[in-house]
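Source file: input09.txt. Holds: compact mmCIF, C-alpha atoms.
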# COMPACT_ATOMS: atom_id res chain seq x y z
CA MET G 26 161.09 -139.23 61.50
CA ARG G 27 161.91 -136.18 59.42
CA ASN G 28 160.01 -133.17 60.67
CA THR G 29 157.91 -132.76 57.52
CA PHE G 30 155.08 -131.05 59.43
CA ASP G 31 157.28 -128.69 61.51
CA PHE G 32 156.22 -130.16 64.84
CA ASP G 33 157.81 -128.71 67.94
CA GLU G 34 161.00 -130.67 68.66
CA ARG G 35 159.97 -131.18 72.29
CA LEU G 36 156.78 -132.78 71.04
CA LEU G 37 158.71 -135.15 68.79
CA GLN G 38 160.93 -136.18 71.67
CA ALA G 39 157.85 -136.92 73.78
CA ALA G 40 156.38 -138.92 70.90
CA ALA G 41 159.50 -141.07 70.65
CA ALA G 42 159.35 -141.75 74.37
CA ALA G 43 155.64 -142.62 74.11
CA GLU G 44 156.26 -145.16 71.34
CA LYS G 45 159.02 -146.79 73.35
CA ALA G 46 156.76 -147.02 76.41
CA ALA G 47 153.96 -148.57 74.30
CA ALA G 48 156.10 -151.23 72.59
CA GLU G 49 154.86 -154.16 74.67
CA GLU G 50 151.21 -153.20 74.18
CA PHE G 51 151.81 -152.79 70.44
CA ALA G 52 153.18 -156.34 70.29
CA GLU G 53 150.06 -157.78 71.94
CA ILE G 54 147.86 -155.83 69.51
CA ASP G 55 149.77 -157.41 66.62
CA ARG G 56 149.21 -160.90 68.06
CA ILE G 57 145.46 -160.28 68.28
CA SER G 58 145.48 -158.99 64.70
CA GLN G 59 147.18 -162.15 63.45
CA HIS G 60 144.56 -164.27 65.21
CA GLY G 61 141.74 -162.25 63.64
CA THR G 62 143.29 -162.45 60.20
CA ALA G 63 143.53 -166.23 60.51
CA LYS G 64 139.81 -166.46 61.39
CA VAL G 65 138.81 -164.30 58.43
CA LEU G 66 141.05 -166.09 55.94
CA ARG G 67 139.80 -169.52 57.03
CA ALA G 68 136.17 -168.36 56.70
CA PHE G 69 136.81 -167.07 53.16
CA GLN G 70 138.39 -170.37 52.17
CA SER G 71 135.79 -172.60 53.86
CA ASN G 72 132.94 -170.81 52.11
CA ARG G 73 134.61 -170.89 48.68
CA VAL G 74 134.62 -167.14 48.12
CA SER G 75 135.16 -166.49 44.41
CA ALA G 76 135.13 -163.57 41.98
CA ALA G 77 131.49 -164.39 41.27
CA CYS G 78 130.67 -163.25 44.81
CA PHE G 79 131.73 -159.70 43.95
CA ALA G 80 129.22 -159.22 41.13
CA GLY G 81 126.37 -156.95 42.14
CA ALA G 82 122.79 -158.15 41.86
CA ASN G 83 119.86 -155.82 41.22
CA GLY G 84 116.07 -155.86 41.49
CA TYR G 85 114.71 -158.15 44.19
CA GLY G 86 118.09 -159.79 44.73
CA TYR G 87 116.84 -163.37 44.61
CA ASP G 88 119.71 -165.89 44.66
CA ASP G 89 122.35 -163.21 45.21
CA ILE G 90 125.39 -165.47 45.64
CA GLY G 91 127.64 -162.71 46.95
CA ARG G 92 125.16 -161.59 49.59
CA ASP G 93 124.37 -165.11 50.79
CA THR G 94 128.02 -166.21 50.86
CA LEU G 95 129.01 -163.11 52.82
CA ASP G 96 126.40 -163.97 55.45
CA ARG G 97 127.97 -167.42 55.83
CA VAL G 98 131.49 -166.00 55.98
CA TRP G 99 130.41 -163.56 58.67
CA ALA G 100 128.75 -166.30 60.68
CA ASP G 101 131.93 -168.38 60.54
CA VAL G 102 134.18 -165.49 61.62
CA PHE G 103 131.97 -164.67 64.60
CA HIS G 104 131.11 -168.31 65.39
CA THR G 105 127.34 -167.90 65.00
CA GLU G 106 124.53 -169.84 63.36
CA ASP G 107 123.63 -167.09 60.92
CA ALA G 108 124.28 -163.47 59.99
CA LEU G 109 122.59 -160.60 58.19
CA VAL G 110 125.17 -158.33 56.52
CA ARG G 111 123.62 -155.60 54.41
CA HIS G 112 124.44 -152.23 52.92
CA HIS G 113 120.79 -151.40 53.60
CA PHE G 114 121.64 -150.61 57.22
CA VAL G 115 122.30 -146.87 57.22
CA SER G 116 124.13 -146.85 60.56
CA GLY G 117 124.91 -148.89 63.63
CA THR G 118 121.89 -147.38 65.35
CA HIS G 119 119.70 -148.55 62.46
CA ALA G 120 121.03 -152.11 62.82
CA LEU G 121 120.47 -151.99 66.59
CA SER G 122 116.96 -150.63 66.14
CA THR G 123 116.19 -153.37 63.60
CA ALA G 124 117.37 -156.03 66.05
CA LEU G 125 115.37 -154.61 68.95
CA PHE G 126 112.16 -154.25 66.95
CA GLY G 127 112.78 -157.66 65.37
CA VAL G 128 113.02 -159.53 68.67
CA LEU G 129 110.80 -157.57 71.09
CA ARG G 130 107.00 -157.69 71.17
CA PRO G 131 104.35 -155.60 73.00
CA GLY G 132 104.48 -156.37 76.71
CA ASP G 133 108.10 -157.58 76.59
CA ARG G 134 110.72 -156.00 78.80
CA MET G 135 114.15 -154.88 77.73
CA VAL G 136 116.76 -154.26 80.41
CA SER G 137 120.11 -152.60 79.83
CA VAL G 138 122.60 -153.97 82.33
CA THR G 139 125.31 -151.52 81.26
CA GLY G 140 123.54 -148.36 82.36
CA ALA G 141 122.17 -145.75 79.98
CA PRO G 142 122.56 -146.66 76.30
CA TYR G 143 124.24 -144.55 73.65
CA ASP G 144 122.51 -141.21 73.02
CA THR G 145 121.12 -142.16 69.60
CA LEU G 146 119.20 -145.12 71.05
CA GLU G 147 117.28 -143.06 73.58
CA GLU G 148 114.56 -142.11 71.10
CA VAL G 149 114.47 -145.63 69.64
CA ILE G 150 113.73 -147.02 73.10
CA GLY G 151 111.49 -144.14 74.15
CA ILE G 152 113.63 -142.80 76.99
CA ARG G 153 113.08 -139.36 75.45
CA GLY G 154 110.70 -138.38 72.69
CA THR G 155 107.41 -140.22 72.36
CA GLY G 156 104.71 -140.61 69.73
CA CYS G 157 107.15 -141.29 66.90
CA GLY G 158 107.06 -145.09 66.91
CA SER G 159 109.56 -145.91 69.66
CA LEU G 160 109.62 -149.25 71.42
CA ALA G 161 107.74 -147.62 74.29
CA ASP G 162 104.99 -146.53 71.88
CA PHE G 163 104.53 -150.20 70.97
CA GLY G 164 104.23 -151.30 74.59
CA VAL G 165 107.78 -152.52 75.18
CA ARG G 166 108.86 -151.84 78.74
CA TYR G 167 112.37 -150.62 79.45
CA SER G 168 114.53 -150.57 82.54
CA GLN G 169 118.22 -150.20 83.15
CA LEU G 170 120.68 -151.32 85.76
CA ASP G 171 123.09 -148.52 86.53
CA LEU G 172 126.78 -149.23 86.68
CA THR G 173 128.74 -149.23 89.92
CA GLU G 174 130.75 -146.22 91.04
CA ASP G 175 133.83 -147.48 89.18
CA GLY G 176 131.86 -147.82 85.94
CA THR G 177 131.63 -151.62 85.88
CA PRO G 178 128.47 -153.77 85.72
CA ASP G 179 126.67 -154.40 88.99
CA PHE G 180 127.04 -158.18 88.85
CA GLU G 181 125.34 -158.73 92.20
CA ALA G 182 122.19 -156.91 91.07
CA ILE G 183 121.95 -158.54 87.64
CA PRO G 184 119.96 -161.66 88.71
CA GLU G 185 117.03 -159.60 90.01
CA ALA G 186 117.20 -157.15 87.09
CA VAL G 187 117.02 -159.78 84.32
CA LYS G 188 114.71 -162.40 85.78
CA ASP G 189 111.67 -161.50 83.63
CA ALA G 190 113.41 -159.72 80.74
CA ARG G 191 112.96 -160.75 77.13
CA VAL G 192 116.11 -158.88 76.02
CA VAL G 193 119.16 -158.34 78.20
CA TYR G 194 121.02 -155.55 76.46
CA LEU G 195 124.75 -154.85 76.73
CA GLN G 196 126.64 -151.95 75.21
CA ARG G 197 130.21 -153.08 74.79
CA SER G 198 131.74 -149.70 74.05
CA ARG G 199 131.91 -146.86 76.55
CA GLY G 200 129.87 -144.47 74.37
CA TYR G 201 130.08 -140.87 75.55
CA SER G 202 130.98 -141.88 79.10
CA LEU G 203 134.12 -142.50 81.12
CA ARG G 204 133.21 -146.06 82.08
CA PRO G 205 135.48 -148.85 80.79
CA ALA G 206 134.43 -150.78 77.71
CA LEU G 207 133.25 -154.32 78.40
CA SER G 208 135.77 -157.08 77.93
CA VAL G 209 134.71 -160.44 76.52
CA ALA G 210 135.29 -161.85 80.00
CA ASP G 211 132.81 -159.33 81.42
CA ILE G 212 130.26 -160.35 78.80
CA ALA G 213 130.77 -164.05 79.58
CA LYS G 214 130.12 -163.36 83.25
CA ILE G 215 126.88 -161.46 82.48
CA VAL G 216 125.73 -164.23 80.14
CA GLY G 217 126.40 -166.86 82.80
CA ILE G 218 124.43 -164.97 85.44
CA THR G 219 121.54 -164.39 83.03
CA ARG G 220 121.34 -168.04 81.99
CA GLN G 221 121.02 -169.12 85.64
CA VAL G 222 117.94 -167.01 86.36
CA ASN G 223 116.40 -166.51 82.89
CA PRO G 224 117.60 -169.06 80.33
CA GLU G 225 115.09 -167.87 77.72
CA ALA G 226 116.31 -164.28 77.69
CA VAL G 227 117.98 -162.96 74.54
CA VAL G 228 121.40 -161.52 75.38
CA MET G 229 121.97 -158.81 72.80
CA VAL G 230 125.29 -156.98 72.50
CA ASP G 231 125.94 -153.67 70.79
CA ASN G 232 129.34 -154.67 69.41
CA CYS G 233 130.14 -151.32 67.75
CA TYR G 234 133.83 -150.40 68.08
CA GLY G 235 134.62 -153.81 69.59
CA GLU G 236 135.13 -156.21 66.67
CA PHE G 237 138.65 -157.75 66.45
CA VAL G 238 139.84 -155.87 69.53
CA ASP G 239 140.29 -159.14 71.44
CA TYR G 240 140.96 -162.77 70.54
CA ASP G 241 137.28 -163.65 71.06
CA GLU G 242 133.94 -161.97 70.34
CA PRO G 243 130.80 -161.70 72.52
CA THR G 244 129.25 -164.65 70.69
CA ASP G 245 132.18 -166.78 71.85
CA ALA G 246 131.10 -165.77 75.36
CA GLY G 247 127.52 -166.96 74.78
CA ALA G 248 125.76 -163.82 73.51
CA ASP G 249 122.70 -164.59 71.36
CA LEU G 250 123.01 -161.59 69.04
CA ILE G 251 125.73 -159.09 68.19
CA ILE G 252 125.16 -155.98 66.13
CA GLY G 253 127.51 -153.46 64.55
CA SER G 254 128.32 -151.01 61.77
CA LEU G 255 130.43 -151.62 58.69
CA ILE G 256 131.88 -148.10 58.75
CA LYS G 257 133.44 -148.99 62.05
CA ASN G 258 135.77 -151.93 62.77
CA PRO G 259 134.51 -154.78 60.55
CA GLY G 260 134.31 -152.72 57.36
CA GLY G 261 138.06 -152.20 57.45
CA GLY G 262 137.78 -148.66 56.12
CA ILE G 263 136.70 -150.06 52.73
CA ALA G 264 132.99 -150.82 53.12
CA GLU G 265 131.11 -147.69 52.07
CA THR G 266 128.07 -148.22 54.29
CA GLY G 267 126.11 -150.95 56.03
CA GLY G 268 125.82 -152.98 59.18
CA TYR G 269 125.40 -156.51 60.46
CA ILE G 270 123.44 -158.66 62.87
CA ALA G 271 124.85 -162.08 63.76
CA GLY G 272 123.78 -164.80 66.16
CA LYS G 273 121.20 -167.52 66.56
CA ALA G 274 119.44 -168.37 63.30
CA LYS G 275 115.88 -167.86 64.58
CA LEU G 276 116.70 -164.43 65.97
CA VAL G 277 118.54 -163.36 62.82
CA GLU G 278 115.48 -164.42 60.82
CA GLN G 279 113.23 -162.23 62.98
CA CYS G 280 115.60 -159.30 62.44
CA ALA G 281 115.61 -159.92 58.68
CA TYR G 282 111.81 -159.84 58.68
CA ARG G 283 112.01 -156.43 60.31
CA LEU G 284 114.59 -155.13 57.84
CA THR G 285 112.64 -156.21 54.75
CA CYS G 286 109.22 -157.77 55.37
CA VAL G 287 107.70 -160.81 57.02
CA GLY G 288 107.93 -163.89 54.83
CA MET G 289 110.78 -162.55 52.68
CA GLY G 290 113.50 -161.64 55.15
CA LYS G 291 116.98 -162.49 53.88
CA GLU G 292 115.77 -163.73 50.49
CA VAL G 293 115.42 -160.21 49.11
CA GLY G 294 117.60 -157.15 49.02
CA CYS G 295 120.01 -156.80 46.12
CA SER G 296 123.67 -156.15 46.76
CA LEU G 297 124.04 -153.67 43.88
CA ASN G 298 127.79 -152.99 43.65
CA GLN G 299 128.59 -153.20 47.36
CA SER G 300 129.67 -156.82 47.76
CA ARG G 301 133.33 -156.47 46.82
CA SER G 302 133.93 -153.60 49.24
CA MET G 303 132.24 -155.49 52.07
CA TYR G 304 134.34 -158.59 51.44
CA MET G 305 137.55 -156.59 51.18
CA GLY G 306 136.67 -154.57 54.26
CA LEU G 307 136.19 -157.69 56.36
CA PHE G 308 139.44 -159.13 55.02
CA PHE G 309 141.41 -156.03 56.02
CA ALA G 310 139.52 -155.42 59.26
CA PRO G 311 141.80 -157.19 61.80
CA GLU G 312 144.86 -155.28 60.56
CA VAL G 313 143.02 -151.96 60.33
CA VAL G 314 141.61 -152.41 63.84
CA ALA G 315 145.17 -153.04 65.05
CA ASN G 316 146.28 -149.76 63.46
CA ALA G 317 143.41 -147.93 65.13
CA ARG G 318 144.27 -149.45 68.50
CA LYS G 319 147.94 -148.51 68.13
CA THR G 320 146.92 -144.95 67.30
CA GLY G 321 144.81 -144.82 70.46
CA VAL G 322 147.51 -146.33 72.65
CA PHE G 323 150.06 -143.87 71.28
CA ALA G 324 147.71 -140.94 71.93
CA ALA G 325 146.97 -142.04 75.49
CA THR G 326 150.64 -142.62 76.30
CA LEU G 327 151.69 -139.26 74.84
CA PHE G 328 148.94 -137.23 76.49
CA ARG G 329 149.53 -138.84 79.87
CA MET G 330 153.11 -137.64 79.55
CA LEU G 331 151.69 -134.19 78.84
CA GLY G 332 149.65 -134.28 82.04
CA PHE G 333 146.18 -135.36 80.92
CA GLU G 334 143.94 -138.14 82.18
CA CYS G 335 143.38 -140.78 79.49
CA LEU G 336 141.24 -143.91 79.35
CA PRO G 337 141.53 -146.83 79.33
CA VAL G 338 144.25 -146.82 81.95
CA PRO G 339 147.26 -149.07 81.14
CA SER G 340 146.09 -151.80 83.53
CA GLN G 341 142.68 -152.17 81.82
CA LYS G 342 142.07 -154.66 79.04
CA ALA G 343 140.74 -152.85 75.98
CA GLY G 344 137.18 -153.63 74.94
CA ASP G 345 136.92 -151.20 72.04
CA ILE G 346 139.02 -148.90 69.85
CA ILE G 347 138.07 -145.72 71.68
CA THR G 348 140.57 -143.68 73.66
CA VAL G 349 139.21 -140.97 75.92
CA LEU G 350 141.23 -137.85 76.62
CA VAL G 351 139.71 -135.99 79.57
CA LEU G 352 140.63 -132.39 78.75
CA ARG G 353 138.43 -130.59 81.33
CA ASN G 354 138.25 -127.51 79.10
CA PRO G 355 136.03 -126.65 76.10
CA ALA G 356 138.86 -124.70 74.48
CA ALA G 357 141.09 -127.77 74.72
CA MET G 358 138.38 -129.90 73.09
CA GLU G 359 138.10 -127.41 70.23
CA ALA G 360 141.87 -127.26 69.78
CA PHE G 361 142.30 -131.04 69.86
CA CYS G 362 139.55 -131.59 67.29
CA ALA G 363 140.91 -128.79 65.11
CA GLY G 364 144.28 -130.53 65.15
CA ILE G 365 142.84 -133.93 64.27
CA GLN G 366 140.96 -132.33 61.37
CA ALA G 367 144.11 -130.55 60.20
CA GLY G 368 145.98 -133.86 60.36
CA SER G 369 143.43 -135.72 58.23
CA PRO G 370 143.81 -136.68 54.54
CA VAL G 371 140.38 -135.27 53.59
CA ASP G 372 138.99 -131.81 54.44
CA SER G 373 142.12 -130.92 56.38
CA TYR G 374 141.49 -127.23 55.65
CA VAL G 375 138.18 -126.98 57.52
CA THR G 376 137.62 -126.19 61.21
CA PRO G 377 135.15 -128.34 63.16
CA GLU G 378 132.52 -126.57 65.25
CA ALA G 379 130.07 -127.91 67.82
CA TRP G 380 126.50 -128.26 66.54
CA ASP G 381 123.12 -129.79 67.36
CA MET G 382 123.75 -133.20 65.86
CA PRO G 383 120.58 -135.30 65.26
CA GLY G 384 119.99 -137.88 68.00
CA TYR G 385 122.19 -136.19 70.61
CA GLU G 386 121.08 -134.22 73.65
CA SER G 387 124.11 -131.90 73.82
CA LYS G 388 126.00 -130.06 71.11
CA VAL G 389 128.67 -132.31 69.61
CA ILE G 390 132.00 -131.36 68.10
CA MET G 391 133.37 -133.81 65.57
CA ALA G 392 136.62 -133.95 63.62
CA ALA G 393 136.55 -136.47 60.80
CA GLY G 394 138.47 -135.98 57.60
CA ALA G 395 137.50 -139.37 56.21
CA PHE G 396 137.19 -141.08 52.84
CA THR G 397 133.80 -142.40 54.00
CA GLY G 398 131.51 -139.96 55.77
CA GLY G 399 131.27 -140.71 59.47
CA ALA G 400 133.57 -143.73 59.32
CA SER G 401 134.77 -144.18 62.89
CA ILE G 402 137.44 -146.66 61.84
CA GLU G 403 139.14 -143.72 60.15
CA LEU G 404 140.92 -141.27 62.42
CA SER G 405 138.32 -139.10 64.10
CA ALA G 406 137.66 -137.35 67.37
CA ASP G 407 134.40 -136.15 68.82
CA GLY G 408 132.53 -135.52 72.00
CA PRO G 409 129.60 -133.69 73.57
CA MET G 410 130.30 -130.18 74.76
CA ARG G 411 129.56 -130.86 78.40
CA GLU G 412 131.45 -131.77 81.54
CA PRO G 413 134.05 -133.24 81.85
CA TYR G 414 134.89 -131.98 78.33
CA ALA G 415 136.30 -135.29 77.18
CA VAL G 416 137.18 -136.03 73.59
CA TYR G 417 136.73 -139.54 72.19
CA LEU G 418 139.43 -140.56 69.75
CA GLN G 419 138.99 -143.53 67.45
CA GLY G 420 140.23 -144.93 64.19
CA GLY G 421 143.39 -144.74 62.14
CA LEU G 422 143.52 -146.71 58.89
CA THR G 423 147.30 -146.79 59.14
CA TYR G 424 149.32 -146.29 62.28
CA GLY G 425 151.68 -143.82 60.58
CA SER G 426 148.89 -141.47 59.54
CA GLY G 427 147.13 -141.90 62.88
CA LYS G 428 150.27 -140.94 64.76
CA LEU G 429 150.70 -137.81 62.63
CA GLY G 430 147.10 -136.82 63.28
CA VAL G 431 147.58 -137.15 67.04
CA LEU G 432 150.78 -135.09 66.84
CA GLN G 433 148.95 -132.38 64.91
CA ALA G 434 146.30 -132.29 67.65
CA ALA G 435 149.00 -131.89 70.29
CA GLN G 436 150.77 -129.24 68.22
CA THR G 437 147.56 -127.21 67.87
CA MET G 438 146.99 -127.34 71.62
CA LEU G 439 150.61 -126.32 72.19
CA GLU G 440 150.28 -123.32 69.87
CA ARG G 441 147.12 -122.21 71.70
CA GLY G 442 148.85 -122.36 75.07
CA LEU G 443 146.89 -125.40 76.25
CA ILE G 444 149.99 -127.63 76.61
CA ARG G 445 153.13 -126.57 78.38
CA PHE G 446 156.48 -128.33 78.62

Once more with this new file: its structure as structure tokens, please.
Amino acid sequence: MRNTFDFDERLLQAAAAAEKAAAEEFAEIDRISQHGTAKVLRAFQSNRVSAACFAGANGYGYDDIGRDTLDRVWADVFHTEDALVRHHFVSGTHALSTALFGVLRPGDRMVSVTGAPYDTLEEVIGIRGTGCGSLADFGVRYSQLDLTEDGTPDFEAIPEAVKDARVVYLQRSRGYSLRPALSVADIAKIVGITRQVNPEAVVMVDNCYGEFVDYDEPTDAGADLIIGSLIKNPGGGIAETGGYIAGKAKLVEQCAYRLTCVGMGKEVGCSLNQSRSMYMGLFFAPEVVANARKTGVFAATLFRMLGFECLPVPSQKAGDIITVLVLRNPAAMEAFCAGIQAGSPVDSYVTPEAWDMPGYESKVIMAAGAFTGGASIELSADGPMREPYAVYLQGGLTYGSGKLGVLQAAQTMLERGLIRF
């Protein structure tokens, strides 16, 4: 690679060694991508996707062929009975909130078996903040089963925890924690345990950051509902907004009633001019997710060589696209994020600063020079400014640009005396 960006030559040598060390993992990522692409292509063909599906409907959206066909395509890709794929979802948290309010009723109990949920769900559930219409305000009870010391689910304690739960909730991704992301095998084990003691429970999986990371999805492992955001993995960097809920038809219907209104559900909600980008995003998603995973693997391999702790460790099977770099230093977090921003295609000239981001308990620093605001499938890095001062790297539409962004982050840390050879 010609040194177009004037990187330190020692850094380039380390990068070459990192790529060589990651070659076998890169090959497995490519195999998973090919499998995902085959699923998506077959679903497009089986559901007779045509140019007519890309035309945007307006008004009430009755008989919106593009919207309805996309739901069927999505259900086929994720092997579910039905799906609700809409640009109306403003974020992954909105889709998750819709699913929880759609399925749970006053007096029901929700139990998270993967410890504390992501920060933005705390107010939705009512863990913090009350009187604003949280689940707790509507009489939904919440409990959580903490993870074991090594960050894995407490499988032995799950039977007692879920025996009277209406919703058994799993967060696949690590969130702002150091615990490993759930593998599909982990999810299958939790589903099996739950079915033995509470066959009527709804197993709901927050699938954000996890789509197309493995050969199978949580619904292949028996999950009843999966939920995610289109500006993460399944939007392929092309969908401009939106989210999805997929799973059992009756449950999807209840969620649709919550999104629109009871009695109308999926029958209303025009697609405007969003259909084409959502179709294209799904089509590109397996390859784009592979690029994001390669970017993360490269970053972890390089920064381990530079003396930092990185997660997941090489022996762990990836469950999401997130790579954690445990920097142990606020200045290192600021430098890394400044470098990622400087290595981005958009807003490369700005400097990220920590701020009180809505929905988060701690100040958050976020580097994201993206074509779509907040798109985590595009190269970005963020984290709460608190111990252990870990930065969470995700995304990379192309591996080449992702690699350059990571190198820019390392270069910035080097120039600030935070990396030494």

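Put simply, CA of Thr285 (chain G) is 26.0 Å away from CA of Ile152 (chain G).
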
Inset, instruction - Write out as number ranges by chain each polymer residue whose atoms come within 12 Å of Thr266 (chain G), counting only C-alpha atoms; drop sequence neighbours fewer than 3 positions from it. - result: G: 110-117, 119-120, 253-257, 259-263, 269, 296, 298-300, 302-303, 306, 396-401

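Summary of the local environment: counting only C-alpha atoms, residues at most 9 Å from region 101-104 of chain G, other than itself and those fewer than 6 positions away along its chain, are Gly61, Lys64, Val65, Leu66, Arg67, Ala68, Phe69, Ser71, Asn72, Asp241, Glu242, Pro243, Thr244, Asp245, Ala271 and Gly272 of chain G.
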
Legend entry - Option closest in space to Asp107 (chain G), from G:Asp381, G:Val277, G:Gly140, G:Cys78 [counting all atoms listed in the file]: G:Val277

Legend entry - Residues within 12 Å of (150.6, -139.7, 78.5), counting only C-alpha atoms, listed as a PyMOL selection string: chain G and resi 36+39-44+46-47+321-339+348-351+435

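Counting from CA of Ala264 (chain G), the distance to CA of Ser426 (chain G) is 19.5 Å.
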
Inset, instruction - Would you list the contacts of Lys319 (chain G) as a VMD selection string, taking every protein, DNA or RNA residue within 8 Å and counting only C-alpha atoms, but skipping same-chain residues closer than 4 positions in sequence? - result: chain G and resid 51 54 315 323 424

Atoms to include: C-alpha atoms. Write the selected residues as an mmCIF file, in the coordinates of the input.
data_model
loop_
_atom_site.group_PDB
_atom_site.id
_atom_site.type_symbol
_atom_site.label_atom_id
_atom_site.label_comp_id
_atom_site.auth_asym_id
_atom_site.auth_seq_id
_atom_site.Cartn_x
_atom_site.Cartn_y
_atom_site.Cartn_z
ATOM 1 C CA PHE G 51 151.810 -152.790 70.440
ATOM 2 C CA ILE G 54 147.860 -155.830 69.510
ATOM 3 C CA ALA G 315 145.170 -153.040 65.050
ATOM 4 C CA PHE G 323 150.060 -143.870 71.280
ATOM 5 C CA TYR G 424 149.320 -146.290 62.280
#

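The residue that comes closest to Ala415 (chain G), out of G:Tyr201, G:Leu95, G:Met391, G:Ala248 and on the basis of all atoms listed in the file, is G:Tyr201.
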
Inset, instruction - Could you tell me which of G:Ile150, G:Leu404, G:Leu429, G:Ile57 comes closest to Tyr240 (chain G) if we count only C-alpha atoms? - result: G:Ile57

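Closest approach to Tyr85 (chain G) among G:Val238, G:Ile390, G:Ala161, G:Val293: G:Val293, based on only C-alpha atoms.
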
Legend entry - Close residues, Val313 (chain G) itself excluded, 8 Å, only C-alpha atoms, min 4 positions apart in chain, as a list of chain:residue names: G:Asn258, G:Gly261, G:Gly262, G:Phe309, G:Ala317, G:Ile402, G:Gly421, G:Leu422, G:Thr423

Legend entry - Neighbours of point (145.6, -134.9, 53.5) within 12 Å, using only C-alpha atoms, written as a list in words: Phe30, Ile365, Gln366, Ala367, Gly368, Ser369, Pro370, Val371, Asp372, Ser373, Tyr374, Val375, Ala393, Gly394, Ala395, Phe396, Leu404, Ser426, Gly427, Leu429 and Gly430 of chain G

Given the selection you just returned, output its residues as a file containing C-alpha atoms, formatted as a tab-separated table (two decimals), in the frame of the given file.
chain	number	residue	atom	x	y	z
G	30	PHE	CA	155.08	-131.05	59.43
G	365	ILE	CA	142.84	-133.93	64.27
G	366	GLN	CA	140.96	-132.33	61.37
G	367	ALA	CA	144.11	-130.55	60.20
G	368	GLY	CA	145.98	-133.86	60.36
G	369	SER	CA	143.43	-135.72	58.23
G	370	PRO	CA	143.81	-136.68	54.54
G	371	VAL	CA	140.38	-135.27	53.59
G	372	ASP	CA	138.99	-131.81	54.44
G	373	SER	CA	142.12	-130.92	56.38
G	374	TYR	CA	141.49	-127.23	55.65
G	375	VAL	CA	138.18	-126.98	57.52
G	393	ALA	CA	136.55	-136.47	60.80
G	394	GLY	CA	138.47	-135.98	57.60
G	395	ALA	CA	137.50	-139.37	56.21
G	396	PHE	CA	137.19	-141.08	52.84
G	404	LEU	CA	140.92	-141.27	62.42
G	426	SER	CA	148.89	-141.47	59.54
G	427	GLY	CA	147.13	-141.90	62.88
G	429	LEU	CA	150.70	-137.81	62.63
G	430	GLY	CA	147.10	-136.82	63.28

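The shortest atom-to-atom distance to Glu312 (chain G), with all atoms listed in the file taken into account, belongs to G:Phe237 out of G:Phe180, G:Phe237, G:Tyr194, G:Phe79.
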
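Our summary of the geometry notes that CA of Glu236 (chain G) is positioned 28.3 Å from CA of Val222 (chain G).
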
Inset, instruction - Tell me which protein, DNA and RNA residues are within 6 Å of Arg197 (chain G), counting only C-alpha atoms, leaving out same-chain ones fewer than 5 positions away, and put them as number ranges by chain. - result: G: 206-207, 231-232

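Closest approach to Val314 (chain G) among G:Gln419, G:Asn28, G:Gln38, G:Thr123: G:Gln419, based on all atoms listed in the file.
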